Amino acid sequence: MGLELVLTLEGKPIFSAMEVVHVSAECYPVAKAGGLGDVVGALPKYQNKAGITAKVVMPMYRTSFLYTSNWVVDYKAKAFMGAWEFEYTIIKEATGKLGFDLYLVDIHGLLDRQKIYGYPDDVERFTAFQIAVVHWMSHWNHRPSVVHCHDYHAGLIPFMMQHCYDYQNLKEVPTVLTIHNAQYQGWMGWHQSELIPRWDLSKKGLLDWGNCINPLAAAIKCASKITTVSPSYMRELMQHANGLESLFASEKNKCVGILNGIDHDVWNPATDTNIEVVYTVNTVMEGKQKNKEKICSQYGLDASLPLFVFIGRLVGEKAADVLPAAMDKAIQTYGARASYMILGSGDPAVEMALSKVAARYNHIFRVYIGYNEILSHGLYASADFLLMPSRVEPCGLNQLYAMRYGTVPMVRSTGGLQDTVVDMGDKEGYGIRFTHANEKDIVDSIGRAIDVYDNKTHLLWMRQFMMQINHSWDQTVESYTRVYKSI
Ligand code: ADP
Ligand code: GLC
């Protein structure tokens, strides 16, 4: 069982803080590729506010946060990955400015690169990262209460803590796996098993899924509790989980869906320094219009029309491949009755197809290929509608940010989108929901949106209603605390 930090007064315990170590590949503002970064940047902060000692450990990439922050060396040691002995250094952010203790693992030549993912040696990179984390924790002079792993990049950790001979002092520490995305599982060939430090070979079955080492599957088998980032996604995984359906079904008793929150310190139209004009529930109509005028003048669009935006990774899960034809069809159908803008990057074929459509309808449709955090804030603030036709959406943060900024979400009914958006045709509905990730459903939904845009009384009601929905982290923190206590 994990020990808790206990403060004593004259030998009697006065306060016992639960200590949770989050292990993740991303954490905003240190390094972010998507929603995983947002969640790991916010959850520990709000856990600390709730009295839990939450820390984050992640790889040290070469991101601007590294160069603009102060660091102290916390620990330095050597460990083995297969026959390779490597040195790692744990550095700690010195000021506590993020609201939690942040530790970075520096493995020279392996982790210290510009990008988070996408290298041919990612298996070695994330395996070495996990070895360093477990090695480091096994040298602490106390045990954490819980090790909380996020996605497959931290998926080998529960196995290593339980079945690697060198880390047996962590064997009894409870672990939680949060699945943000089960599409990616970190598959390794069995020839790579030697990368994992000396382990109990009789436990081979815990690593294996479909004749591969599957870090996500291993974590599902070994972690004390599994969470997904929305209740609907949990149910969907029993049916569609990229090959892991039967595993989810057999482990369902230790699985629970917990909806993400959003960080109101970062995503707040009343205080956001990344937007042209700040606004509140009472000034939403003028505020959004002014932001729209700024963005539209920058990108050559007509600010008197409803503005539709898509923000996200241009990949199949987000149904980005459908967007070029859907945009084309929408523009042919509704002509110059709306403006459209896409911010994203991903599949080069989709990037190219979108750019081609945008070139044909320059004053109606603009595409920004790339990652731009500031522009994303500007778009949430200025857009009237946010399109999310996702095929798979474990939670989705974009629709939550959109609502907070009074932007009507247009979503396919799946995963977290289904859990957070109510169609405007239903009682107290404020969004647009559709069933299929196809051209027809998208174009029809844009038609519904254009109609509601003309009804300013209804639009104002929806905007004000959405902005007041509470998606803060408080309830989510409570749900995680219940999970920790249960183990
Ligand atoms: P996912 O994690 O699957 O990509 P989420 O909806 O959970 O989806 O989170 C996406 C996050 O990444 C949001 O904060 C969104 O604003 C941001 N984002 C995605 N693409 C871009 C981009 N091209 N530029 C800026 N921010 C982006
Ligand atoms: C993943 C999912 C997304 C979720 C995010 C944060 O990237 O694709 O739906 O919101 O993680 O949990």
# chains A, B, ... in the order shown; residues from 1 in each chain; ligands from 1
>>> residues_around(residues="A:Thr178", least_positions_apart="3", cutoff="8 Å", atoms="only C-alpha atoms", output="PDB file with N, CA and C atoms, in the first residue's frame")
ATOM      1  N   HIS A 148      -0.216   7.957 -11.283  1.00  0.00           N
ATOM      2  CA  HIS A 148      -1.325   8.148 -12.229  1.00  0.00           C
ATOM      3  C   HIS A 148      -0.737   8.277 -13.643  1.00  0.00           C
ATOM      4  N   CYS A 149      -0.943   7.255 -14.448  1.00  0.00           N
ATOM      5  CA  CYS A 149      -0.335   7.198 -15.788  1.00  0.00           C
ATOM      6  C   CYS A 149      -1.343   7.673 -16.837  1.00  0.00           C
ATOM      7  N   HIS A 150      -0.852   8.407 -17.816  1.00  0.00           N
ATOM      8  CA  HIS A 150      -1.729   8.923 -18.880  1.00  0.00           C
ATOM      9  C   HIS A 150      -1.333   8.324 -20.228  1.00  0.00           C
ATOM     10  N   ASP A 151      -2.267   7.608 -20.830  1.00  0.00           N
ATOM     11  CA  ASP A 151      -2.091   7.032 -22.172  1.00  0.00           C
ATOM     12  C   ASP A 151      -0.907   6.062 -22.255  1.00  0.00           C
ATOM     13  N   ILE A 226      -8.866   1.943 -14.041  1.00  0.00           N
ATOM     14  CA  ILE A 226      -8.764   2.544 -15.371  1.00  0.00           C
ATOM     15  C   ILE A 226      -9.824   3.632 -15.466  1.00  0.00           C
ATOM     16  N   THR A 227      -9.448   4.799 -15.962  1.00  0.00           N
ATOM     17  CA  THR A 227     -10.466   5.808 -16.228  1.00  0.00           C
ATOM     18  C   THR A 227     -10.386   6.219 -17.690  1.00  0.00           C
ATOM     19  N   THR A 228     -11.534   6.610 -18.234  1.00  0.00           N
ATOM     20  CA  THR A 228     -11.541   7.241 -19.557  1.00  0.00           C
ATOM     21  C   THR A 228     -12.081   8.649 -19.361  1.00  0.00           C
ATOM     22  N   VAL A 229     -11.888   9.499 -20.371  1.00  0.00           N
ATOM     23  CA  VAL A 229     -12.158  10.916 -20.148  1.00  0.00           C
ATOM     24  C   VAL A 229     -13.608  11.328 -20.405  1.00  0.00           C
TER      25      VAL A 229
END
>>> residues_near_ligand(ligand="ligand 1", cutoff="10 Å", atoms="only C-alpha atoms and all ligand atoms", output="ChimeraX atom specification")
/A:28,32-39,180-181,229,260,262,267,310-315,317-318,342-346,368-377,379-380,388,390,392-402,416-417
>>> write_last_selection(atoms="C-alpha atoms", output="JSON list (two decimals), in the first residue's frame")
[["chain", "number", "residue", "atom", "x", "y", "z"],
["A", 28, "TYR", "CA", 0.51, 22.52, -20.99],
["A", 32, "LYS", "CA", 1.23, 20.23, -25.83],
["A", 33, "ALA", "CA", 0.09, 18.43, -28.96],
["A", 34, "GLY", "CA", -3.61, 18.24, -28.00],
["A", 35, "GLY", "CA", -6.05, 17.85, -25.16],
["A", 36, "LEU", "CA", -3.81, 15.50, -23.15],
["A", 37, "GLY", "CA", -1.51, 18.47, -22.55],
["A", 38, "ASP", "CA", -4.40, 20.67, -21.41],
["A", 39, "VAL", "CA", -5.65, 18.05, -18.96],
["A", 180, "HIS", "CA", -7.34, 9.85, -23.34],
["A", 181, "ASN", "CA", -7.17, 7.96, -26.59],
["A", 229, "VAL", "CA", -12.16, 10.92, -20.15],
["A", 260, "ASN", "CA", -12.61, 16.30, -18.17],
["A", 262, "ILE", "CA", -11.52, 22.99, -18.42],
["A", 267, "TRP", "CA", -9.99, 29.71, -20.98],
["A", 310, "PHE", "CA", -12.77, 23.96, -37.15],
["A", 311, "ILE", "CA", -9.74, 23.76, -34.84],
["A", 312, "GLY", "CA", -7.84, 20.52, -34.47],
["A", 313, "ARG", "CA", -5.62, 17.76, -35.68],
["A", 314, "LEU", "CA", -6.33, 17.00, -39.34],
["A", 315, "VAL", "CA", -6.66, 13.25, -38.85],
["A", 317, "GLU", "CA", -10.46, 10.48, -35.86],
["A", 318, "LYS", "CA", -11.54, 14.10, -36.26],
["A", 342, "ILE", "CA", -9.90, 26.02, -40.41],
["A", 343, "LEU", "CA", -6.91, 25.94, -38.05],
["A", 344, "GLY", "CA", -5.07, 22.65, -37.97],
["A", 345, "SER", "CA", -2.32, 20.39, -39.14],
["A", 346, "GLY", "CA", -1.90, 16.68, -39.68],
["A", 368, "TYR", "CA", -4.30, 28.09, -41.53],
["A", 369, "ILE", "CA", -2.09, 25.03, -41.64],
["A", 370, "GLY", "CA", -0.04, 24.80, -38.45],
["A", 371, "TYR", "CA", -0.32, 24.96, -34.70],
["A", 372, "ASN", "CA", -1.12, 28.38, -33.22],
["A", 373, "GLU", "CA", -2.29, 28.60, -29.63],
["A", 374, "ILE", "CA", -2.99, 32.35, -29.76],
["A", 375, "LEU", "CA", -5.01, 32.10, -32.95],
["A", 376, "SER", "CA", -7.02, 29.27, -31.43],
["A", 377, "HIS", "CA", -8.11, 31.59, -28.59],
["A", 379, "LEU", "CA", -11.10, 31.81, -33.08],
["A", 380, "TYR", "CA", -13.02, 30.50, -30.06],
["A", 388, "MET", "CA", -16.49, 18.90, -34.67],
["A", 390, "SER", "CA", -15.26, 13.58, -35.01],
["A", 392, "VAL", "CA", -13.93, 9.21, -32.30],
["A", 393, "GLU", "CA", -13.86, 11.77, -29.49],
["A", 394, "PRO", "CA", -12.92, 10.42, -26.06],
["A", 395, "CYS", "CA", -13.86, 13.74, -24.44],
["A", 396, "GLY", "CA", -13.09, 16.72, -26.63],
["A", 397, "LEU", "CA", -12.09, 20.01, -25.09],
["A", 398, "ASN", "CA", -12.73, 22.22, -28.10],
["A", 399, "GLN", "CA", -16.50, 22.10, -27.67],
["A", 400, "LEU", "CA", -16.10, 22.97, -23.97],
["A", 401, "TYR", "CA", -13.85, 25.94, -24.79],
["A", 402, "ALA", "CA", -16.27, 26.99, -27.53],
["A", 416, "GLY", "CA", -17.58, 13.17, -24.86],
["A", 417, "LEU", "CA", -19.37, 15.26, -27.50]]
>>> atom_distance(atom1="atom CA of A:Ala319", atom2="atom CA of A:Thr435")
12.7 Å
>>> closest_residue(among="A:Ser230, A:Thr68, A:Ser138, A:Ser445", to="ligand 2", atoms="only C-alpha atoms and all ligand atoms")
A:Ser230
>>> closest_residue(among="A:Gln183, A:Thr283, A:Ser145, A:Asn362", to="ligand 2", atoms="only C-alpha atoms and all ligand atoms")
A:Gln183
>>> closest_residue(among="A:Ser202, A:Ser479, A:Ser24, A:Ser355", to="ligand 2", atoms="only C-alpha atoms and all ligand atoms")
A:Ser24
>>> closest_residue(among="A:Glu439, A:Asp444, A:Asp451, A:Glu478", to="A:Asp328", atoms="only C-alpha atoms")
A:Glu439
>>> residues_around(residues="stretch 51-63 of chain A", least_positions_apart="2", cutoff="7 Å", atoms="only C-alpha atoms", output="NGL selection string")
:A and (17-26 or 30-31 or 44 or 47-49 or 65-66 or 100-106 or 111-114 or 116 or 129)
>>> residues_around(residues="stretch 268-279 of chain A", least_positions_apart="3", cutoff="8 Å", atoms="only C-alpha atoms", output="NGL selection string")
:A and (264-265 or 282-284 or 287-288 or 290-291 or 294 or 374-375 or 377-378 or 381 or 404-405)
>>> select_by_dssp(residues="stretch 159-401 of chain A", states="strand (DSSP E or B)", output="short mmCIF file (atom, residue, chain, number, x, y, z; two decimals) with all heavy atoms, in the first residue's frame")
data_model
loop_
_atom_site.label_atom_id
_atom_site.label_comp_id
_atom_site.auth_asym_id
_atom_site.auth_seq_id
_atom_site.Cartn_x
_atom_site.Cartn_y
_atom_site.Cartn_z
N CYS A 164 9.15 -5.91 -12.44
CA CYS A 164 10.59 -5.79 -12.70
C CYS A 164 11.31 -5.98 -11.36
O CYS A 164 10.93 -5.37 -10.36
CB CYS A 164 10.94 -4.42 -13.28
SG CYS A 164 10.42 -4.25 -14.99
N THR A 175 -1.84 2.13 -8.82
CA THR A 175 -1.67 2.88 -10.07
C THR A 175 -3.03 3.12 -10.72
O THR A 175 -3.93 2.30 -10.62
CB THR A 175 -0.79 2.09 -11.06
OG1 THR A 175 -1.31 0.77 -11.17
CG2 THR A 175 0.66 2.03 -10.62
N VAL A 176 -3.13 4.25 -11.39
CA VAL A 176 -4.34 4.57 -12.17
C VAL A 176 -3.89 4.82 -13.60
O VAL A 176 -2.86 5.47 -13.82
CB VAL A 176 -5.05 5.84 -11.62
CG1 VAL A 176 -6.18 6.28 -12.55
CG2 VAL A 176 -5.57 5.58 -10.22
N LEU A 177 -4.62 4.28 -14.55
CA LEU A 177 -4.37 4.62 -15.96
C LEU A 177 -5.55 5.45 -16.44
O LEU A 177 -6.70 5.01 -16.34
CB LEU A 177 -4.28 3.35 -16.81
CG LEU A 177 -4.32 3.61 -18.33
CD1 LEU A 177 -3.00 4.19 -18.81
CD2 LEU A 177 -4.64 2.34 -19.12
N THR A 178 -5.26 6.64 -16.97
CA THR A 178 -6.33 7.40 -17.65
C THR A 178 -6.12 7.28 -19.14
O THR A 178 -5.03 7.57 -19.66
CB THR A 178 -6.33 8.87 -17.20
OG1 THR A 178 -6.75 8.90 -15.84
CG2 THR A 178 -7.31 9.71 -18.02
N ILE A 179 -7.18 6.84 -19.82
CA ILE A 179 -7.11 6.68 -21.28
C ILE A 179 -7.72 7.91 -21.94
O ILE A 179 -8.92 8.16 -21.83
CB ILE A 179 -7.83 5.40 -21.74
CG1 ILE A 179 -7.21 4.19 -21.04
CG2 ILE A 179 -7.77 5.26 -23.26
CD1 ILE A 179 -7.90 2.89 -21.35
N MET A 188 4.84 -2.72 -29.55
CA MET A 188 6.27 -3.05 -29.68
C MET A 188 6.37 -4.51 -30.11
O MET A 188 5.56 -5.34 -29.69
CB MET A 188 6.98 -2.91 -28.31
CG MET A 188 6.96 -1.51 -27.74
SD MET A 188 7.29 -1.48 -25.95
CE MET A 188 9.00 -1.94 -25.86
N TRP A 199 12.60 -8.61 -15.81
CA TRP A 199 11.22 -8.79 -15.33
C TRP A 199 10.90 -10.26 -15.21
O TRP A 199 11.57 -11.12 -15.79
CB TRP A 199 10.22 -8.08 -16.24
CG TRP A 199 10.36 -8.36 -17.72
CD1 TRP A 199 11.25 -7.79 -18.58
CD2 TRP A 199 9.57 -9.27 -18.51
NE1 TRP A 199 11.07 -8.27 -19.86
CE2 TRP A 199 10.04 -9.18 -19.84
CE3 TRP A 199 8.51 -10.14 -18.23
CZ2 TRP A 199 9.49 -9.95 -20.89
CZ3 TRP A 199 7.97 -10.89 -19.27
CH2 TRP A 199 8.45 -10.79 -20.58
N ASP A 208 1.48 -9.01 -23.32
CA ASP A 208 1.11 -9.42 -24.67
C ASP A 208 -0.34 -9.09 -25.04
O ASP A 208 -1.25 -9.25 -24.22
CB ASP A 208 1.30 -10.94 -24.80
CG ASP A 208 1.10 -11.40 -26.22
OD1 ASP A 208 2.02 -11.21 -27.03
OD2 ASP A 208 0.00 -11.92 -26.53
N TRP A 209 -0.51 -8.65 -26.27
CA TRP A 209 -1.86 -8.57 -26.85
C TRP A 209 -1.68 -8.74 -28.35
O TRP A 209 -0.95 -7.96 -28.98
CB TRP A 209 -2.53 -7.23 -26.52
CG TRP A 209 -4.01 -7.27 -26.84
CD1 TRP A 209 -4.63 -6.71 -27.91
CD2 TRP A 209 -5.03 -7.89 -26.06
NE1 TRP A 209 -5.97 -6.96 -27.86
CE2 TRP A 209 -6.26 -7.67 -26.72
CE3 TRP A 209 -5.03 -8.63 -24.85
CZ2 TRP A 209 -7.48 -8.16 -26.23
CZ3 TRP A 209 -6.25 -9.09 -24.38
CH2 TRP A 209 -7.45 -8.87 -25.06
N CYS A 212 2.02 -9.06 -29.77
CA CYS A 212 2.89 -7.88 -29.65
C CYS A 212 2.97 -7.52 -28.17
O CYS A 212 2.08 -7.91 -27.41
CB CYS A 212 2.26 -6.65 -30.28
SG CYS A 212 2.18 -6.65 -32.03
N ILE A 213 3.98 -6.72 -27.85
CA ILE A 213 3.91 -6.07 -26.54
C ILE A 213 3.03 -4.85 -26.75
O ILE A 213 3.28 -4.04 -27.65
CB ILE A 213 5.31 -5.62 -26.05
CG1 ILE A 213 6.21 -6.84 -25.88
CG2 ILE A 213 5.19 -4.81 -24.76
CD1 ILE A 213 7.63 -6.49 -25.46
N LYS A 225 -6.82 0.81 -11.33
CA LYS A 225 -8.09 1.38 -11.81
C LYS A 225 -7.85 2.02 -13.18
O LYS A 225 -6.78 2.58 -13.43
CB LYS A 225 -8.48 2.46 -10.82
CG LYS A 225 -9.84 2.66 -10.24
CD LYS A 225 -10.76 1.62 -9.96
CE LYS A 225 -12.21 1.84 -9.79
NZ LYS A 225 -12.79 1.22 -8.65
N ILE A 226 -8.87 1.94 -14.04
CA ILE A 226 -8.76 2.54 -15.37
C ILE A 226 -9.82 3.63 -15.47
O ILE A 226 -10.99 3.38 -15.12
CB ILE A 226 -9.10 1.51 -16.49
CG1 ILE A 226 -8.39 0.18 -16.27
CG2 ILE A 226 -8.83 2.07 -17.88
CD1 ILE A 226 -6.92 0.26 -16.29
N THR A 227 -9.45 4.80 -15.96
CA THR A 227 -10.47 5.81 -16.23
C THR A 227 -10.39 6.22 -17.69
O THR A 227 -9.32 6.16 -18.29
CB THR A 227 -10.31 7.06 -15.33
OG1 THR A 227 -9.17 7.79 -15.76
CG2 THR A 227 -10.15 6.70 -13.87
N THR A 228 -11.53 6.61 -18.23
CA THR A 228 -11.54 7.24 -19.56
C THR A 228 -12.08 8.65 -19.36
O THR A 228 -12.71 8.94 -18.33
CB THR A 228 -12.46 6.50 -20.55
OG1 THR A 228 -13.77 6.47 -19.99
CG2 THR A 228 -11.96 5.10 -20.80
N CYS A 255 -13.10 -0.15 -14.44
CA CYS A 255 -13.11 1.00 -15.36
C CYS A 255 -14.18 2.01 -14.95
O CYS A 255 -15.28 1.63 -14.57
CB CYS A 255 -13.44 0.54 -16.78
SG CYS A 255 -12.19 -0.53 -17.49
N VAL A 256 -13.86 3.29 -15.10
CA VAL A 256 -14.86 4.32 -14.83
C VAL A 256 -14.62 5.52 -15.76
O VAL A 256 -13.49 5.85 -16.07
CB VAL A 256 -14.86 4.72 -13.32
CG1 VAL A 256 -13.47 5.05 -12.84
CG2 VAL A 256 -15.77 5.89 -13.03
N GLY A 257 -15.71 6.12 -16.24
CA GLY A 257 -15.59 7.29 -17.13
C GLY A 257 -15.72 8.57 -16.32
O GLY A 257 -16.67 8.75 -15.57
N LEU A 307 -19.65 33.01 -38.76
CA LEU A 307 -18.32 32.43 -38.97
C LEU A 307 -18.28 31.01 -38.38
O LEU A 307 -18.54 30.82 -37.19
CB LEU A 307 -17.25 33.31 -38.29
CG LEU A 307 -15.82 32.78 -38.31
CD1 LEU A 307 -15.28 32.65 -39.74
CD2 LEU A 307 -14.88 33.69 -37.49
N PHE A 308 -17.93 30.04 -39.24
CA PHE A 308 -17.80 28.64 -38.83
C PHE A 308 -16.32 28.32 -38.75
O PHE A 308 -15.57 28.62 -39.68
CB PHE A 308 -18.44 27.71 -39.86
CG PHE A 308 -19.92 27.82 -39.94
CD1 PHE A 308 -20.52 28.86 -40.64
CD2 PHE A 308 -20.74 26.89 -39.29
CE1 PHE A 308 -21.90 28.98 -40.69
CE2 PHE A 308 -22.12 27.00 -39.34
CZ PHE A 308 -22.70 28.06 -40.05
N VAL A 309 -15.89 27.68 -37.65
CA VAL A 309 -14.48 27.30 -37.57
C VAL A 309 -14.33 25.83 -37.19
O VAL A 309 -15.22 25.22 -36.58
CB VAL A 309 -13.67 28.16 -36.57
CG1 VAL A 309 -13.76 29.63 -36.90
CG2 VAL A 309 -14.10 27.92 -35.14
N PHE A 310 -13.21 25.29 -37.60
CA PHE A 310 -12.77 23.96 -37.15
C PHE A 310 -11.36 24.18 -36.61
O PHE A 310 -10.54 24.81 -37.27
CB PHE A 310 -12.75 22.98 -38.34
CG PHE A 310 -12.09 21.65 -38.02
CD1 PHE A 310 -12.87 20.55 -37.66
CD2 PHE A 310 -10.70 21.50 -38.08
CE1 PHE A 310 -12.26 19.32 -37.35
CE2 PHE A 310 -10.10 20.29 -37.76
CZ PHE A 310 -10.88 19.20 -37.40
N ILE A 311 -11.09 23.65 -35.42
CA ILE A 311 -9.74 23.76 -34.84
C ILE A 311 -9.33 22.35 -34.43
O ILE A 311 -10.05 21.70 -33.66
CB ILE A 311 -9.75 24.64 -33.56
CG1 ILE A 311 -10.23 26.05 -33.90
CG2 ILE A 311 -8.36 24.68 -32.92
CD1 ILE A 311 -10.52 26.92 -32.67
N GLY A 312 -8.24 21.85 -34.95
CA GLY A 312 -7.84 20.52 -34.47
C GLY A 312 -6.88 19.80 -35.37
O GLY A 312 -6.47 20.30 -36.42
N ARG A 313 -6.54 18.60 -34.90
CA ARG A 313 -5.62 17.76 -35.68
C ARG A 313 -6.35 17.28 -36.94
O ARG A 313 -7.50 16.83 -36.87
CB ARG A 313 -5.17 16.58 -34.82
CG ARG A 313 -4.37 17.01 -33.61
CD ARG A 313 -3.94 15.84 -32.73
NE ARG A 313 -5.06 15.21 -32.06
CZ ARG A 313 -5.38 13.93 -32.17
NH1 ARG A 313 -4.66 13.13 -32.95
NH2 ARG A 313 -6.39 13.43 -31.50
N LEU A 314 -5.69 17.40 -38.07
CA LEU A 314 -6.33 17.00 -39.34
C LEU A 314 -6.09 15.51 -39.56
O LEU A 314 -5.25 15.10 -40.37
CB LEU A 314 -5.76 17.84 -40.49
CG LEU A 314 -5.99 19.36 -40.35
CD1 LEU A 314 -5.31 20.14 -41.46
CD2 LEU A 314 -7.49 19.67 -40.31
N SER A 339 -19.01 32.54 -43.55
CA SER A 339 -17.55 32.47 -43.70
C SER A 339 -17.04 31.26 -42.94
O SER A 339 -17.66 30.84 -41.95
CB SER A 339 -16.88 33.70 -43.08
OG SER A 339 -17.43 34.88 -43.60
N TYR A 340 -15.91 30.71 -43.40
CA TYR A 340 -15.39 29.48 -42.79
C TYR A 340 -13.88 29.64 -42.57
O TYR A 340 -13.19 30.21 -43.42
CB TYR A 340 -15.61 28.27 -43.71
CG TYR A 340 -17.03 28.11 -44.18
CD1 TYR A 340 -17.50 28.78 -45.31
CD2 TYR A 340 -17.91 27.28 -43.48
CE1 TYR A 340 -18.82 28.64 -45.74
CE2 TYR A 340 -19.23 27.12 -43.90
CZ TYR A 340 -19.67 27.81 -45.03
OH TYR A 340 -20.97 27.66 -45.46
N MET A 341 -13.40 29.09 -41.47
CA MET A 341 -11.95 29.09 -41.25
C MET A 341 -11.53 27.80 -40.55
O MET A 341 -12.19 27.34 -39.62
CB MET A 341 -11.56 30.30 -40.41
CG MET A 341 -10.09 30.32 -40.13
SD MET A 341 -9.40 31.96 -40.20
CE MET A 341 -7.70 31.57 -39.86
N ILE A 342 -10.43 27.24 -41.02
CA ILE A 342 -9.90 26.02 -40.41
C ILE A 342 -8.50 26.29 -39.89
O ILE A 342 -7.66 26.88 -40.59
CB ILE A 342 -9.90 24.87 -41.44
CG1 ILE A 342 -11.35 24.42 -41.67
CG2 ILE A 342 -9.02 23.69 -40.97
CD1 ILE A 342 -11.52 23.28 -42.65
N LEU A 343 -8.26 25.87 -38.64
CA LEU A 343 -6.91 25.94 -38.05
C LEU A 343 -6.51 24.51 -37.69
O LEU A 343 -7.18 23.86 -36.88
CB LEU A 343 -6.94 26.80 -36.78
CG LEU A 343 -5.74 26.67 -35.83
CD1 LEU A 343 -4.44 27.11 -36.49
CD2 LEU A 343 -5.98 27.49 -34.56
N GLY A 344 -5.47 24.01 -38.31
CA GLY A 344 -5.07 22.65 -37.97
C GLY A 344 -3.88 22.17 -38.76
O GLY A 344 -3.42 22.84 -39.70
N SER A 345 -3.39 21.03 -38.37
CA SER A 345 -2.32 20.39 -39.14
C SER A 345 -2.43 18.90 -38.91
O SER A 345 -3.07 18.45 -37.96
CB SER A 345 -0.96 20.91 -38.70
OG SER A 345 -0.75 20.58 -37.36
N GLY A 346 -1.84 18.14 -39.81
CA GLY A 346 -1.90 16.68 -39.68
C GLY A 346 -1.62 16.01 -40.99
O GLY A 346 -0.57 16.25 -41.59
N PHE A 365 -13.54 31.25 -47.43
CA PHE A 365 -12.97 30.12 -46.70
C PHE A 365 -11.45 30.27 -46.59
O PHE A 365 -10.77 30.39 -47.61
CB PHE A 365 -13.33 28.84 -47.47
CG PHE A 365 -12.76 27.57 -46.89
CD1 PHE A 365 -12.59 27.41 -45.52
CD2 PHE A 365 -12.40 26.52 -47.72
CE1 PHE A 365 -12.07 26.24 -45.00
CE2 PHE A 365 -11.87 25.35 -47.21
CZ PHE A 365 -11.71 25.21 -45.84
N ARG A 366 -10.95 30.28 -45.36
CA ARG A 366 -9.50 30.39 -45.16
C ARG A 366 -9.00 29.19 -44.34
O ARG A 366 -9.69 28.69 -43.45
CB ARG A 366 -9.13 31.68 -44.41
CG ARG A 366 -9.48 32.94 -45.14
CD ARG A 366 -8.89 33.03 -46.53
NE ARG A 366 -7.44 33.05 -46.54
CZ ARG A 366 -6.69 34.14 -46.68
NH1 ARG A 366 -7.27 35.33 -46.82
NH2 ARG A 366 -5.38 34.05 -46.68
N VAL A 367 -7.79 28.76 -44.68
CA VAL A 367 -7.19 27.63 -43.96
C VAL A 367 -5.84 28.08 -43.40
O VAL A 367 -5.03 28.66 -44.13
CB VAL A 367 -6.96 26.44 -44.92
CG1 VAL A 367 -6.23 25.31 -44.21
CG2 VAL A 367 -8.29 25.93 -45.44
N TYR A 368 -5.61 27.82 -42.14
CA TYR A 368 -4.30 28.09 -41.53
C TYR A 368 -3.72 26.74 -41.17
O TYR A 368 -4.21 26.06 -40.27
CB TYR A 368 -4.49 28.95 -40.27
CG TYR A 368 -3.20 29.32 -39.57
CD1 TYR A 368 -2.72 30.63 -39.60
CD2 TYR A 368 -2.47 28.36 -38.85
CE1 TYR A 368 -1.55 30.98 -38.95
CE2 TYR A 368 -1.30 28.70 -38.20
CZ TYR A 368 -0.84 30.02 -38.24
OH TYR A 368 0.32 30.34 -37.59
N ILE A 369 -2.72 26.32 -41.92
CA ILE A 369 -2.09 25.03 -41.64
C ILE A 369 -0.97 25.26 -40.62
O ILE A 369 -0.02 26.02 -40.89
CB ILE A 369 -1.51 24.39 -42.92
CG1 ILE A 369 -2.62 24.15 -43.96
CG2 ILE A 369 -0.76 23.09 -42.59
CD1 ILE A 369 -3.67 23.13 -43.57
N PHE A 385 -19.87 29.47 -34.74
CA PHE A 385 -20.10 28.02 -34.68
C PHE A 385 -18.77 27.29 -34.75
O PHE A 385 -17.89 27.68 -35.52
CB PHE A 385 -21.00 27.57 -35.84
CG PHE A 385 -22.33 28.25 -35.85
CD1 PHE A 385 -22.53 29.40 -36.62
CD2 PHE A 385 -23.37 27.78 -35.05
CE1 PHE A 385 -23.76 30.05 -36.61
CE2 PHE A 385 -24.59 28.45 -35.02
CZ PHE A 385 -24.79 29.58 -35.82
N LEU A 386 -18.65 26.21 -33.97
CA LEU A 386 -17.43 25.39 -34.00
C LEU A 386 -17.83 23.99 -34.46
O LEU A 386 -18.66 23.33 -33.84
CB LEU A 386 -16.81 25.31 -32.62
CG LEU A 386 -15.59 24.38 -32.59
CD1 LEU A 386 -14.29 25.18 -32.61
CD2 LEU A 386 -15.61 23.46 -31.38
N LEU A 387 -17.22 23.56 -35.54
CA LEU A 387 -17.57 22.27 -36.13
C LEU A 387 -16.66 21.16 -35.60
O LEU A 387 -15.44 21.29 -35.62
CB LEU A 387 -17.41 22.39 -37.66
CG LEU A 387 -17.77 21.18 -38.50
CD1 LEU A 387 -19.23 20.77 -38.28
CD2 LEU A 387 -17.52 21.48 -39.98
N MET A 388 -17.26 20.07 -35.13
CA MET A 388 -16.49 18.90 -34.67
C MET A 388 -17.19 17.62 -35.15
O MET A 388 -17.98 17.02 -34.42
CB MET A 388 -16.41 18.87 -33.13
CG MET A 388 -15.49 19.90 -32.55
SD MET A 388 -15.37 19.75 -30.76
CE MET A 388 -14.14 18.48 -30.55
#
>>> closest_residue(among="A:Ala128, A:Met160, A:Val146, A:Ala182", to="ligand 2", atoms="only C-alpha atoms and all ligand atoms")
A:Ala182
>>> closest_residue(among="A:Asp426, A:Asp263, A:Asp441, A:Glu87", to="A:Thr476", atoms="only C-alpha atoms")
A:Asp263
>>> atom_distance(atom1="atom CA of A:Asn242", atom2="atom 1 (C, counted along the ligand's line) of ligand 2")
14.9 Å
